[in-house]
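Structure below is final-v9.txt: compact mmCIF, C-alpha atoms.
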```txt
# COMPACT_ATOMS: atom_id res chain seq x y z
CA MET A 1390 68.53 262.97 173.03
CA HIS A 1391 71.44 260.55 172.96
CA LYS A 1392 72.76 259.77 176.47
CA ALA A 1393 76.39 260.43 175.49
CA TYR A 1394 75.40 263.80 174.07
CA GLN A 1395 73.37 264.60 177.21
CA LYS A 1396 76.38 263.79 179.37
CA LEU A 1397 78.68 265.93 177.23
CA LEU A 1398 76.22 268.83 177.36
CA PHE A 1399 75.92 268.49 181.14
CA LEU A 1400 79.70 268.52 181.58
CA SER A 1401 80.04 271.53 179.28
CA LEU A 1402 77.43 273.47 181.23
CA LEU A 1403 79.06 272.44 184.50
CA LEU A 1404 82.47 273.65 183.33
CA LEU A 1405 80.92 276.89 182.10
CA PHE A 1406 79.24 277.36 185.48
CA PHE A 1407 82.46 276.95 187.44
CA SER A 1408 84.35 279.03 184.93
CA CYS A 1409 81.91 281.87 185.51
CA GLN A 1410 82.15 281.34 189.21
CA ASP A 1411 85.91 281.87 188.99
CA GLU A 1412 85.26 285.34 187.63
CA GLU A 1413 82.05 286.37 189.37
CA VAL A 1414 83.16 285.67 192.90
CA SER A 1415 82.70 287.90 195.89
CA PRO A 1416 85.83 290.09 195.65
CA SER A 1417 88.42 289.55 198.36
CA THR A 1418 89.34 292.26 200.85
CA THR A 1419 92.68 293.38 202.21
CA ASP A 1420 91.75 291.67 205.50
CA GLU A 1421 92.82 288.41 203.87
CA TYR A 1422 96.44 289.53 203.39
CA SER A 1423 99.22 290.38 205.83
CA HIS A 1424 101.23 293.59 205.87
CA ASN A 1425 104.32 291.79 204.56
CA VAL A 1426 104.30 292.90 200.95
CA ALA A 1427 103.80 296.58 201.85
CA SER A 1428 106.41 296.40 204.60
CA SER A 1429 108.89 294.78 202.22
CA TRP A 1430 108.62 297.81 199.94
CA VAL A 1431 109.05 300.18 202.87
CA ASN A 1432 112.18 298.23 203.84
CA LEU A 1433 113.49 298.47 200.32
CA ALA A 1434 112.79 302.20 200.11
CA LEU A 1435 114.61 302.83 203.39
CA ASP A 1436 117.64 300.89 202.17
CA VAL A 1437 117.75 302.40 198.68
CA ILE A 1438 117.42 305.93 200.03
CA LYS A 1439 120.20 305.35 202.56
CA ASN A 1440 122.55 304.25 199.79
CA SER A 1441 121.61 306.70 197.02
CA PRO A 1442 123.41 310.02 196.53
CA GLY A 1443 121.29 313.15 196.76
CA CYS A 1444 118.64 311.70 199.05
CA SER A 1445 118.46 314.60 201.48
CA PRO A 1446 115.62 314.59 204.05
CA PRO A 1447 113.15 316.55 201.86
CA VAL A 1448 113.93 314.36 198.84
CA ALA A 1449 113.56 311.18 200.90
CA ALA A 1450 110.27 312.37 202.41
CA ARG A 1451 108.88 312.97 198.93
CA THR A 1452 109.60 309.36 197.98
CA TYR A 1453 107.97 308.04 201.16
CA GLY A 1454 104.89 310.15 200.48
CA TYR A 1455 104.32 308.90 196.95
CA LEU A 1456 105.17 305.30 197.85
CA GLY A 1457 102.57 305.28 200.63
CA LEU A 1458 99.96 306.85 198.37
CA ALA A 1459 100.58 304.38 195.53
CA MET A 1460 100.30 301.35 197.81
CA TYR A 1461 97.12 302.69 199.41
CA GLU A 1462 95.41 303.41 196.09
CA ALA A 1463 96.35 299.98 194.72
CA ALA A 1464 94.76 298.25 197.73
CA ARG A 1465 91.87 300.66 198.22
CA PRO A 1466 89.21 298.71 196.26
CA GLY A 1467 89.80 295.87 198.72
CA LEU A 1468 89.38 298.18 201.71
CA THR A 1469 85.69 298.15 202.59
CA GLY A 1470 84.29 301.67 202.79
CA TYR A 1471 87.56 303.47 201.98
CA LYS A 1472 87.86 306.34 199.53
CA SER A 1473 90.40 307.38 196.93
CA MET A 1474 92.59 310.41 197.57
CA GLY A 1475 91.62 311.61 194.10
CA GLY A 1476 89.75 314.89 194.46
CA GLN A 1477 91.09 315.35 197.99
CA ILE A 1478 94.82 315.91 197.90
CA ASN A 1479 96.40 318.79 196.01
CA GLY A 1480 96.75 318.15 192.29
CA LEU A 1481 95.10 314.72 192.14
CA SER A 1482 91.67 314.93 190.56
CA ALA A 1483 88.79 312.55 191.11
CA GLY A 1484 89.09 309.82 188.50
CA ASP A 1485 92.84 310.20 187.99
CA VAL A 1486 93.41 306.86 189.72
CA PRO A 1487 91.93 303.89 187.80
CA ASN A 1488 89.36 301.66 189.48
CA ALA A 1489 89.41 297.89 189.67
CA GLU A 1490 86.78 296.10 187.57
CA PRO A 1491 83.75 295.29 189.74
CA GLY A 1492 82.87 291.66 190.30
CA LEU A 1493 86.31 290.31 189.40
CA GLU A 1494 88.79 288.69 191.75
CA TYR A 1495 92.01 290.52 192.61
CA ASN A 1496 94.94 289.69 194.81
CA TRP A 1497 95.49 293.01 196.57
CA ALA A 1498 98.98 292.10 197.72
CA LEU A 1499 100.03 291.67 194.09
CA ALA A 1500 98.39 294.96 193.16
CA VAL A 1501 100.30 296.74 195.93
CA ASN A 1502 103.46 294.98 194.79
CA ALA A 1503 103.21 296.27 191.23
CA ALA A 1504 102.21 299.80 192.23
CA ALA A 1505 105.11 300.12 194.67
CA ALA A 1506 107.58 299.01 192.01
CA GLU A 1507 106.27 301.60 189.54
CA ILE A 1508 106.60 304.55 191.91
CA LEU A 1509 110.01 303.55 193.27
CA HIS A 1510 111.34 303.13 189.74
CA ALA A 1511 110.18 306.67 188.98
CA CYS A 1512 111.56 308.19 192.18
CA MET A 1513 114.80 306.25 192.59
CA ASP A 1514 116.12 304.77 189.31
CA GLY A 1515 118.03 307.91 188.41
CA ALA A 1516 119.66 308.35 191.80
CA ARG A 1517 121.87 305.23 191.52
CA THR A 1518 122.49 302.70 188.76
CA GLU A 1519 121.83 299.70 190.97
CA ASN A 1520 118.38 300.84 192.09
CA ALA A 1521 116.43 299.63 189.04
CA GLY A 1522 117.69 296.07 189.44
CA ILE A 1523 117.04 296.06 193.19
CA ILE A 1524 113.45 297.19 192.63
CA GLU A 1525 112.84 294.60 189.90
CA SER A 1526 114.27 291.87 192.11
CA ASN A 1527 111.87 292.67 194.95
CA LEU A 1528 108.95 292.81 192.50
CA ALA A 1529 109.83 289.31 191.28
CA VAL A 1530 110.31 287.88 194.78
CA GLN A 1531 107.02 289.25 196.07
CA THR A 1532 105.16 288.12 192.95
CA THR A 1533 106.47 284.58 193.30
CA LEU A 1534 105.10 284.38 196.85
CA PHE A 1535 101.53 284.62 195.54
CA LYS A 1536 101.63 282.92 192.14
CA SER A 1537 100.94 279.40 193.35
CA ASP A 1538 97.86 280.41 195.33
CA ASN A 1539 96.09 282.21 192.50
CA SER A 1540 94.96 281.48 188.99
CA VAL A 1541 96.97 282.91 186.12
CA ALA A 1542 94.08 285.27 185.37
CA VAL A 1543 94.01 286.67 188.90
CA VAL A 1544 97.78 287.11 189.00
CA GLU A 1545 97.90 288.88 185.66
CA ARG A 1546 94.85 291.02 186.42
CA SER A 1547 96.17 292.07 189.82
CA LEU A 1548 99.64 292.95 188.58
CA ALA A 1549 98.19 294.88 185.64
CA TYR A 1550 95.87 296.84 187.91
CA GLY A 1551 98.65 297.66 190.35
CA GLN A 1552 100.85 298.78 187.48
CA GLN A 1553 98.08 301.06 186.18
CA VAL A 1554 97.62 302.61 189.62
CA GLY A 1555 101.38 303.00 190.00
CA GLN A 1556 101.63 304.73 186.62
CA ALA A 1557 98.83 307.11 187.60
CA ILE A 1558 100.67 308.04 190.80
CA VAL A 1559 103.94 308.40 188.85
CA GLU A 1560 102.23 310.88 186.53
CA PHE A 1561 100.85 312.72 189.53
CA ALA A 1562 104.25 312.74 191.27
CA GLU A 1563 106.06 314.09 188.24
CA SER A 1564 103.61 316.98 188.01
CA ASP A 1565 105.12 318.46 191.19
CA GLY A 1566 108.25 319.38 189.22
CA GLN A 1567 110.59 317.41 191.48
CA ALA A 1568 111.14 314.21 189.52
CA GLN A 1569 114.92 314.67 189.72
CA CYS A 1570 115.12 316.51 193.02
CA TYR A 1571 118.04 314.33 194.13
CA LYS A 1572 120.07 316.33 191.59
CA THR A 1573 118.93 319.78 192.71
CA ASN A 1574 119.70 319.92 196.43
CA PHE A 1575 121.94 322.96 196.07
CA PRO A 1576 120.67 325.14 193.18
CA ALA A 1577 123.38 327.45 191.90
CA ASN A 1578 120.89 330.20 191.03
CA PHE A 1579 119.92 330.77 194.68
CA VAL A 1580 121.18 334.05 196.11
CA VAL A 1581 121.86 333.74 199.84
CA PRO A 1582 120.23 336.64 201.72
CA VAL A 1583 122.55 338.83 203.77
CA GLY A 1584 121.60 340.61 206.99
CA ASN A 1585 121.96 340.74 210.75
CA GLY A 1586 121.01 337.42 212.27
CA PHE A 1587 120.70 335.71 208.88
CA TRP A 1588 122.05 332.25 208.11
CA VAL A 1589 125.59 332.05 206.83
CA PRO A 1590 127.34 328.89 205.61
CA THR A 1591 128.66 326.68 208.38
CA SER A 1592 130.71 324.42 206.11
CA PRO A 1593 132.30 324.56 202.64
CA GLN A 1594 128.76 324.10 201.25
CA LEU A 1595 127.91 327.72 200.38
CA ILE A 1596 124.44 327.20 198.85
CA PRO A 1597 121.86 326.01 201.41
CA LEU A 1598 119.89 322.79 200.95
CA GLN A 1599 116.71 322.91 198.84
CA PRO A 1600 115.97 326.63 199.34
CA TYR A 1601 112.84 326.41 197.16
CA TRP A 1602 111.35 323.35 198.85
CA GLY A 1603 108.74 325.42 200.69
CA ASN A 1604 107.04 325.91 197.31
CA VAL A 1605 106.75 322.19 196.58
CA ARG A 1606 103.19 320.89 196.37
CA SER A 1607 101.91 319.40 199.61
CA PHE A 1608 99.46 316.52 199.94
CA GLY A 1609 97.31 318.06 202.66
CA PRO A 1610 95.65 321.36 201.70
CA GLY A 1611 96.97 324.21 203.82
CA ASN A 1612 100.04 322.40 205.10
CA PRO A 1613 102.64 324.82 203.73
CA ASP A 1614 100.91 327.62 205.61
CA VAL A 1615 100.23 326.21 209.07
CA ALA A 1616 100.59 328.85 211.78
CA VAL A 1617 104.07 329.13 213.32
CA ASP A 1618 105.23 331.73 215.81
CA PRO A 1619 108.25 333.75 214.65
CA PRO A 1620 111.63 333.10 216.26
CA ILE A 1621 112.90 335.22 219.13
CA PRO A 1622 114.13 338.54 217.68
CA TYR A 1623 117.83 338.51 216.87
CA SER A 1624 120.10 340.43 219.22
CA THR A 1625 123.73 340.42 220.33
CA ASP A 1626 122.86 342.04 223.67
CA PRO A 1627 123.99 339.67 226.47
CA ASN A 1628 120.78 340.52 228.32
CA SER A 1629 118.50 339.64 225.38
CA SER A 1630 116.30 336.59 225.05
CA PHE A 1631 118.10 335.58 221.87
CA TYR A 1632 121.50 335.62 223.56
CA LYS A 1633 120.02 333.49 226.35
CA GLU A 1634 118.73 330.97 223.78
CA ALA A 1635 122.18 330.62 222.30
CA GLN A 1636 123.76 330.49 225.73
CA ASP A 1637 121.52 327.56 226.65
CA VAL A 1638 122.89 325.64 223.65
CA TYR A 1639 126.45 326.53 224.64
CA LEU A 1640 126.02 325.57 228.28
CA ILE A 1641 124.36 322.21 227.62
CA SER A 1642 127.23 321.32 225.30
CA GLN A 1643 129.71 321.84 228.13
CA GLY A 1644 128.14 319.22 230.36
CA LEU A 1645 126.37 316.66 228.20
CA THR A 1646 125.61 313.47 230.07
CA ALA A 1647 126.35 310.11 228.48
CA SER A 1648 122.60 309.64 227.96
CA GLN A 1649 122.21 313.01 226.22
CA LYS A 1650 125.13 312.27 223.91
CA ILE A 1651 123.60 308.92 222.96
CA ILE A 1652 120.27 310.62 222.22
CA ALA A 1653 121.94 313.27 220.04
CA GLU A 1654 123.75 310.66 217.96
CA TYR A 1655 120.86 308.18 217.86
CA TRP A 1656 118.51 310.69 216.24
CA SER A 1657 121.01 312.39 213.96
CA ASP A 1658 119.98 310.15 211.02
CA ASP A 1659 122.47 311.68 208.62
CA PRO A 1660 121.94 311.17 204.87
CA GLY A 1661 124.28 308.56 203.48
CA LYS A 1662 124.41 306.73 206.80
CA THR A 1663 120.66 306.30 207.32
CA ALA A 1664 117.34 306.65 205.55
CA THR A 1665 117.23 310.24 206.95
CA PRO A 1666 114.91 311.52 209.74
CA PRO A 1667 111.64 310.90 207.85
CA GLY A 1668 112.93 307.41 207.15
CA HIS A 1669 113.40 306.88 210.89
CA SER A 1670 109.76 307.81 211.41
CA LEU A 1671 108.69 305.44 208.65
CA SER A 1672 110.82 302.73 210.24
CA ILE A 1673 108.94 303.25 213.51
CA ALA A 1674 105.64 302.94 211.62
CA LYS A 1675 106.89 299.65 210.16
CA ILE A 1676 107.85 298.42 213.64
CA VAL A 1677 104.34 299.19 214.90
CA VAL A 1678 102.65 297.58 211.88
CA SER A 1679 104.69 294.44 212.49
CA LYS A 1680 104.06 294.45 216.24
CA GLN A 1681 100.32 294.71 215.62
CA GLY A 1682 100.36 291.95 213.03
CA ALA A 1683 98.44 294.39 210.88
CA ASN A 1684 96.62 293.24 207.78
CA LEU A 1685 97.40 294.77 204.40
CA GLY A 1686 94.67 297.40 204.66
CA LYS A 1687 95.88 298.75 207.98
CA ALA A 1688 99.45 298.72 206.72
CA VAL A 1689 98.82 300.72 203.56
CA GLU A 1690 96.67 303.21 205.46
CA THR A 1691 99.50 303.66 207.96
CA TYR A 1692 102.19 304.06 205.31
CA ALA A 1693 100.08 306.46 203.23
CA LYS A 1694 99.27 308.75 206.14
CA MET A 1695 102.82 308.61 207.46
CA GLY A 1696 104.40 309.20 204.07
CA MET A 1697 102.20 312.17 203.28
CA ALA A 1698 102.69 313.62 206.78
CA VAL A 1699 106.48 313.54 206.74
CA HIS A 1700 106.54 314.91 203.19
CA ASP A 1701 104.31 317.81 204.14
CA ALA A 1702 106.31 318.36 207.31
CA PHE A 1703 109.39 319.14 205.23
CA VAL A 1704 107.47 321.41 202.88
CA SER A 1705 106.05 323.35 205.83
CA CYS A 1706 109.33 323.41 207.74
CA TRP A 1707 111.40 324.48 204.74
CA LYS A 1708 109.00 327.29 203.97
CA THR A 1709 109.46 328.51 207.53
CA LYS A 1710 113.24 328.12 207.39
CA TYR A 1711 113.64 330.31 204.35
CA GLN A 1712 111.05 332.80 205.52
CA TYR A 1713 113.09 333.62 208.64
CA ASN A 1714 116.56 332.54 207.42
CA LEU A 1715 117.83 332.43 210.99
CA ILE A 1716 121.47 332.12 212.01
CA ARG A 1717 122.65 328.77 213.41
CA PRO A 1718 123.89 328.35 216.99
CA ILE A 1719 127.42 327.48 215.84
CA THR A 1720 127.75 330.82 214.04
CA TYR A 1721 126.27 332.91 216.84
CA ILE A 1722 128.19 331.20 219.64
CA GLN A 1723 131.50 331.47 217.79
CA GLN A 1724 130.83 335.16 217.13
CA GLN A 1725 129.54 336.12 220.56
CA MET A 1726 130.77 333.59 223.14
CA ASN A 1727 133.61 331.29 222.15
CA ALA A 1728 135.33 331.41 218.77
CA GLY A 1729 136.63 327.86 219.20
CA TRP A 1730 133.33 326.19 220.07
CA THR A 1731 131.95 323.31 217.99
CA PRO A 1732 128.91 321.11 218.73
CA ILE A 1733 129.14 317.32 218.91
CA LEU A 1734 127.18 317.01 215.66
CA PRO A 1735 127.94 318.73 212.35
CA THR A 1736 125.53 321.54 211.57
CA PRO A 1737 123.55 320.87 208.36
CA PRO A 1738 123.74 323.48 205.57
CA PHE A 1739 120.47 325.38 205.84
CA PRO A 1740 118.76 327.92 208.12
CA GLU A 1741 117.84 327.16 211.72
CA TYR A 1742 114.16 327.93 212.36
CA THR A 1743 112.20 325.66 212.70
CA SER A 1744 113.78 322.26 213.40
CA GLY A 1745 113.17 319.70 210.66
CA HIS A 1746 113.60 316.80 213.08
CA SER A 1747 110.97 318.33 215.33
CA VAL A 1748 108.42 319.13 212.63
CA GLN A 1749 108.54 315.71 211.01
CA SER A 1750 108.52 313.90 214.38
CA GLY A 1751 105.50 315.89 215.52
CA ALA A 1752 103.66 315.06 212.29
CA ALA A 1753 104.56 311.37 212.62
CA ALA A 1754 103.41 311.19 216.23
CA GLN A 1755 100.10 312.84 215.37
CA VAL A 1756 99.39 310.26 212.66
CA LEU A 1757 100.49 307.24 214.71
CA GLU A 1758 98.40 308.33 217.71
CA SER A 1759 95.32 308.50 215.50
CA LEU A 1760 95.93 304.96 214.26
CA TYR A 1761 97.25 303.14 217.34
CA GLY A 1762 96.44 305.27 220.40
CA PHE A 1763 98.07 307.80 222.69
CA ASN A 1764 99.75 305.42 225.14
CA TYR A 1765 101.22 302.93 222.72
CA ALA A 1766 104.53 301.58 224.06
CA PHE A 1767 107.08 300.23 221.59
CA GLN A 1768 110.75 299.53 221.10
CA ASP A 1769 112.64 301.27 218.29
CA ASN A 1770 115.35 299.03 216.85
CA THR A 1771 116.00 301.13 213.74
CA HIS A 1772 119.74 301.49 214.44
CA GLU A 1773 120.56 298.19 216.14
CA GLN A 1774 122.87 297.13 213.29
CA ARG A 1775 124.94 300.33 213.33
CA GLY A 1776 128.45 300.24 214.72
CA ASP A 1777 129.35 303.93 214.40
CA ILE A 1778 126.98 304.99 217.20
CA ASN A 1779 125.29 303.37 220.16
CA GLY A 1780 122.32 301.94 218.29
CA THR A 1781 120.94 299.94 221.19
CA PRO A 1782 117.14 299.71 220.76
CA ARG A 1783 115.30 302.37 222.72
CA ASN A 1784 111.95 302.03 224.48
CA TYR A 1785 109.16 304.60 224.40
CA VAL A 1786 105.91 304.77 226.34
CA SER A 1787 104.10 306.69 223.61
CA PHE A 1788 104.52 308.27 220.21
CA ALA A 1789 104.78 311.68 221.87
CA ASP A 1790 107.67 310.26 223.88
CA PHE A 1791 109.65 309.38 220.75
CA ALA A 1792 108.78 312.67 219.00
CA ASN A 1793 109.89 314.76 221.95
CA GLU A 1794 113.16 312.85 222.30
CA ALA A 1795 113.90 313.14 218.58
CA ALA A 1796 113.25 316.88 218.83
CA ILE A 1797 115.36 317.60 221.94
CA SER A 1798 118.22 315.58 220.43
CA ARG A 1799 118.95 318.58 218.20
CA PHE A 1800 119.41 320.79 221.26
CA TYR A 1801 121.82 318.27 222.77
CA GLY A 1802 123.64 318.10 219.45
CA GLY A 1803 124.12 321.87 219.31
CA ILE A 1804 122.08 322.16 216.11
CA HIS A 1805 119.04 324.15 217.27
CA TYR A 1806 117.80 326.65 219.81
CA LYS A 1807 115.02 325.42 222.05
CA LYS A 1808 112.30 327.52 220.44
CA ALA A 1809 112.93 325.95 217.03
CA ILE A 1810 112.43 322.57 218.68
CA PHE A 1811 109.30 323.25 220.71
CA GLU A 1812 107.61 325.29 217.97
CA GLY A 1813 108.68 322.67 215.44
CA VAL A 1814 106.88 319.83 217.22
CA GLY A 1815 103.71 321.92 217.36
CA GLN A 1816 104.06 322.82 213.69
CA GLY A 1817 104.41 319.15 212.82
CA ARG A 1818 101.32 318.21 214.79
CA LEU A 1819 99.30 320.76 212.83
CA VAL A 1820 100.65 319.26 209.60
CA GLY A 1821 99.65 315.80 210.81
CA LEU A 1822 96.17 316.99 211.69
CA ASN A 1823 95.69 318.35 208.18
CA VAL A 1824 96.66 314.98 206.70
CA LEU A 1825 94.19 313.31 209.05
CA LYS A 1826 91.43 315.57 207.72
CA LEU A 1827 91.62 313.71 204.42
CA GLN A 1828 88.66 311.36 204.15
CA PHE A 1829 90.09 307.87 203.96
CA LYS A 1830 86.66 306.48 204.84
```

Output the file's structure in the form of structure tokens.
Amino acid sequence: MHKAYQKLLFLSLLLLFFSCQDEEVSPSTTDEYSHNVASSWVNLALDVIKNSPGCSPPVAARTYGYLGLAMYEAARPGLTGYKSMGGQINGLSAGDVPNAEPGLEYNWALAVNAAAAEILHACMDGARTENAGIIESNLAVQTTLFKSDNSVAVVERSLAYGQQVGQAIVEFAESDGQAQCYKTNFPANFVVPVGNGFWVPTSPQLIPLQPYWGNVRSFGPGNPDVAVDPPIPYSTDPNSSFYKEAQDVYLISQGLTASQKIIAEYWSDDPGKTATPPGHSLSIAKIVVSKQGANLGKAVETYAKMGMAVHDAFVSCWKTKYQYNLIRPITYIQQQMNAGWTPILPTPPFPEYTSGHSVQSGAAAQVLESLYGFNYAFQDNTHEQRGDINGTPRNYVSFADFANEAAISRFYGGIHYKKAIFEGVGQGRLVGLNVLKLQFK
């Protein structure tokens, strides 16, 4: 054989060998990537929800739930020993989420990037004109960060896979019937029940917020039906337990300390000013992920569990609210104690029992404890840029510490009776436990 031909053949075989090696490598894992790409999408979701009309707490929580799920499923093949939520969560069958091709190299950060963009487009594009461009911009920025470190084939493959996963989660999300829930917060066809001790409007908003939300599909099986004690029986008797509950709200309002007032305002998390209460919990999760220097796998697991927990917390809480349809403190106190009384915070337009802040905070604490421990101290700087309240970062010795403060803030604010708060935290913890029963690995 001619030497030149032998050399050419050798080089051809060598190139073929390395070309095959480029494809048949040992697949990377999420351990090789930081949390940054997932956290960037959480940041974007928090900001977009804060600035988009119609993003009430239940609506926001739904977005956080599907975003967390999409990012987890996109990264899951790179998480050693982890399982898909297909076949586990309500409505998502085994095989609904596409699998990565075995033996091929993927950049899991790029897959997460594409999946997150798909689900946020589906959930948020219609809520505000600017949202689509904001989402596309973040997709481009995050993609650029990884292009130079990967071959064209890996980049294209990873983005395509993430997009496929994102589209599968979009299809799943839309099957819950709430694709445009930001437009249906106050359905005109709802007939407000009338009766002694029932909720009545506390503002010009006559239809209560999302009265059918208790029927929305949950992620965790059984979460809409977790056990909750009924509220104290309604009574106008000054010697009754119910009167005493309302009196406690009235009396605390007359002597709020400076610290209690700060707590009430810090945790209010009003829509339009913030990313809502479930967004505050997701912000805390992001703070912890960053503090830990978590890798991508730990981050997407955290965001998936947190997102599903706060979503289910609002489904469970709203089912309870409209089951009991309980009168708000402002109405009762004005009727029975002081017609001129008003709390320091505006009362939101929906029934009292249980407390949404409390349920979602309890669910969040339950999830975070399972991931990072019971005595995890952290600083919450969620509101440090706000000028309308005292947003000075607050320090907590544990996740229970933050959940309990978020819950009691509604008592200080004159929004809830104590039982709605204490029972709400317990309800949320049960919701969180059900999410934790899902087999991630």

**Study point:** Cut-off 10 Å around (95.4, 297.0, 209.3) with all atoms listed in the file: residues as a PyMOL selection string
**Key:** chain A and resi 1419-1420+1422-1424+1468+1678+1681-1691+1760

Once you count all atoms listed in the file, what closest atom pair and distance in Å to one decimal does each residue of range 1478-1527 of chain A within 8 Å of range 1555-1579 of chain A have, with rows by chain and rising residue number, as a tab-separated table?
```
residue	atom	partner	partner_atom	distance
A:Gly1480	CA	A:Phe1561	CA	7.3
A:Leu1481	CA	A:Phe1561	CA	6.6
A:Asp1485	CA	A:Ala1557	CA	6.8
A:Val1486	CA	A:Ala1557	CA	5.8
A:Pro1487	CA	A:Ala1557	CA	7.6
A:Ala1503	CA	A:Gly1555	CA	7.1
A:Ala1504	CA	A:Gly1555	CA	4.0
A:Ala1505	CA	A:Gly1555	CA	6.6
A:Ala1506	CA	A:Gly1555	CA	7.6
A:Glu1507	CA	A:Gly1555	CA	5.1
A:Ile1508	CA	A:Val1559	CA	5.6
A:Ala1511	CA	A:Val1559	CA	6.5
A:Cys1512	CA	A:Ala1568	CA	6.6
A:Gly1515	CA	A:Gln1569	CA	7.6
A:Ala1516	CA	A:Tyr1571	CA	6.6
```

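One finds CA of Ile1523 in chain A at 11.9 Å from CA of Asn1440 in chain A.
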
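Distance check against Gln1725 in chain A using all atoms listed in the file: of A:Gly1813, A:Gly1586, A:Pro1600, A:Gly1644, the minimum falls on A:Gly1586.
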
**Study point:** Counting all atoms listed in the file, the option among A:Val1431, A:Leu1827, A:Ile1722, A:Ile1596 closest to Lys1633 in chain A
**Key:** A:Ile1722

Point to revise | Residue nearest Phe1811 in chain A - candidates A:Gly1476, A:Pro1732, A:Gly1668, A:Pro1620, atoms counted: only C-alpha atoms | key: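 Once distances to Phe1811 in chain A are computed over only C-alpha atoms, the minimum belongs to A:Pro1620.
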
Review point. Which of these, A:Leu1435, A:Ala1427, A:Val1638, A:Ala1450, has the shortest distance to Trp1730 in chain A once you count all atoms listed in the file?
Key: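 The closest residue to Trp1730 in chain A is A:Val1638.
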
Exercise for review: Name the closest residue to Val1589 in chain A among the candidates A:Trp1430, A:Tyr1550, A:Phe1739, A:Phe1767; distances are taken between atoms, counting all atoms listed in the file.
Suggested key: A:Phe1739

Practice item. Excluding Asp1626 in chain A and residues on its chain fewer than 4 positions from it, collect all residues at most 12 Å away from it, counting all atoms listed in the file, and give them as a PyMOL selection string. Key: chain A and resi 1622+1630-1636+1721+1725-1726

Quick one: write out the picked residues with C-alpha atoms as a PDB file, in the frame of the given file?
```pdb
ATOM      1  CA  PRO A1622     114.130 338.540 217.680  1.00  0.00           C
ATOM      2  CA  SER A1630     116.300 336.590 225.050  1.00  0.00           C
ATOM      3  CA  PHE A1631     118.100 335.580 221.870  1.00  0.00           C
ATOM      4  CA  TYR A1632     121.500 335.620 223.560  1.00  0.00           C
ATOM      5  CA  LYS A1633     120.020 333.490 226.350  1.00  0.00           C
ATOM      6  CA  GLU A1634     118.730 330.970 223.780  1.00  0.00           C
ATOM      7  CA  ALA A1635     122.180 330.620 222.300  1.00  0.00           C
ATOM      8  CA  GLN A1636     123.760 330.490 225.730  1.00  0.00           C
ATOM      9  CA  TYR A1721     126.270 332.910 216.840  1.00  0.00           C
ATOM     10  CA  GLN A1725     129.540 336.120 220.560  1.00  0.00           C
ATOM     11  CA  MET A1726     130.770 333.590 223.140  1.00  0.00           C
TER      12      MET A1726
END
```

Point to revise | Top pick for closest residue to Ser1672 in chain A, considering A:Gly1696, A:Gly1467, A:Gly1803, A:Gly1817 and counting all atoms listed in the file | key: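 When distances to Ser1672 in chain A are compared using all atoms listed in the file, the smallest one comes from A:Gly1696.
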
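CA of Asp1777 in chain A sits 28.9 Å away from CA of Trp1707 in chain A.
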
Practice item. Using CA of Ser1607 in chain A and CA of Asn1479 in chain A as the two end points, give the distance in Å to one decimal. Key: 6.6 Å

**Study point:** Protein/DNA/RNA residues near (124.4, 308.4, 208.8), cut 12 Å, all atoms listed in the file, as JSON, numbers by chain
**Key:** {"A": [1438, 1439, 1440, 1444, 1445, 1446, 1654, 1655, 1656, 1657, 1658, 1659, 1660, 1661, 1662, 1663, 1664, 1665, 1666, 1668, 1669, 1734, 1735, 1772, 1775, 1776, 1777, 1778, 1780]}

Practice item. Skip Asn1488 in chain A itself and residues of its chain fewer than 5 positions away, then list as JSON, numbers by chain all residues within 10 Å of it, counting all atoms listed in the file. Key: {"A": [1462, 1463, 1465, 1466, 1473, 1550, 1553, 1554]}

Exercise for review: Find the residues around Val1704 in chain A up to 7 Å (all atoms listed in the file counted), leave out those fewer than 6 positions away in its own chain, and share them as a PyMOL selection string.
Suggested key: chain A and resi 1602-1603+1605+1607+1613

Extending 4 Å beyond the listed atoms of range 1716-1724 of chain A on each side, what axis-aligned box results? I want centre and edge lengths in Å to one decimal, as JSON.
```
{"center_x": 126.5, "center_y": 331.3, "center_z": 215.8, "size_x": 18.0, "size_y": 15.7, "size_z": 15.6}
```
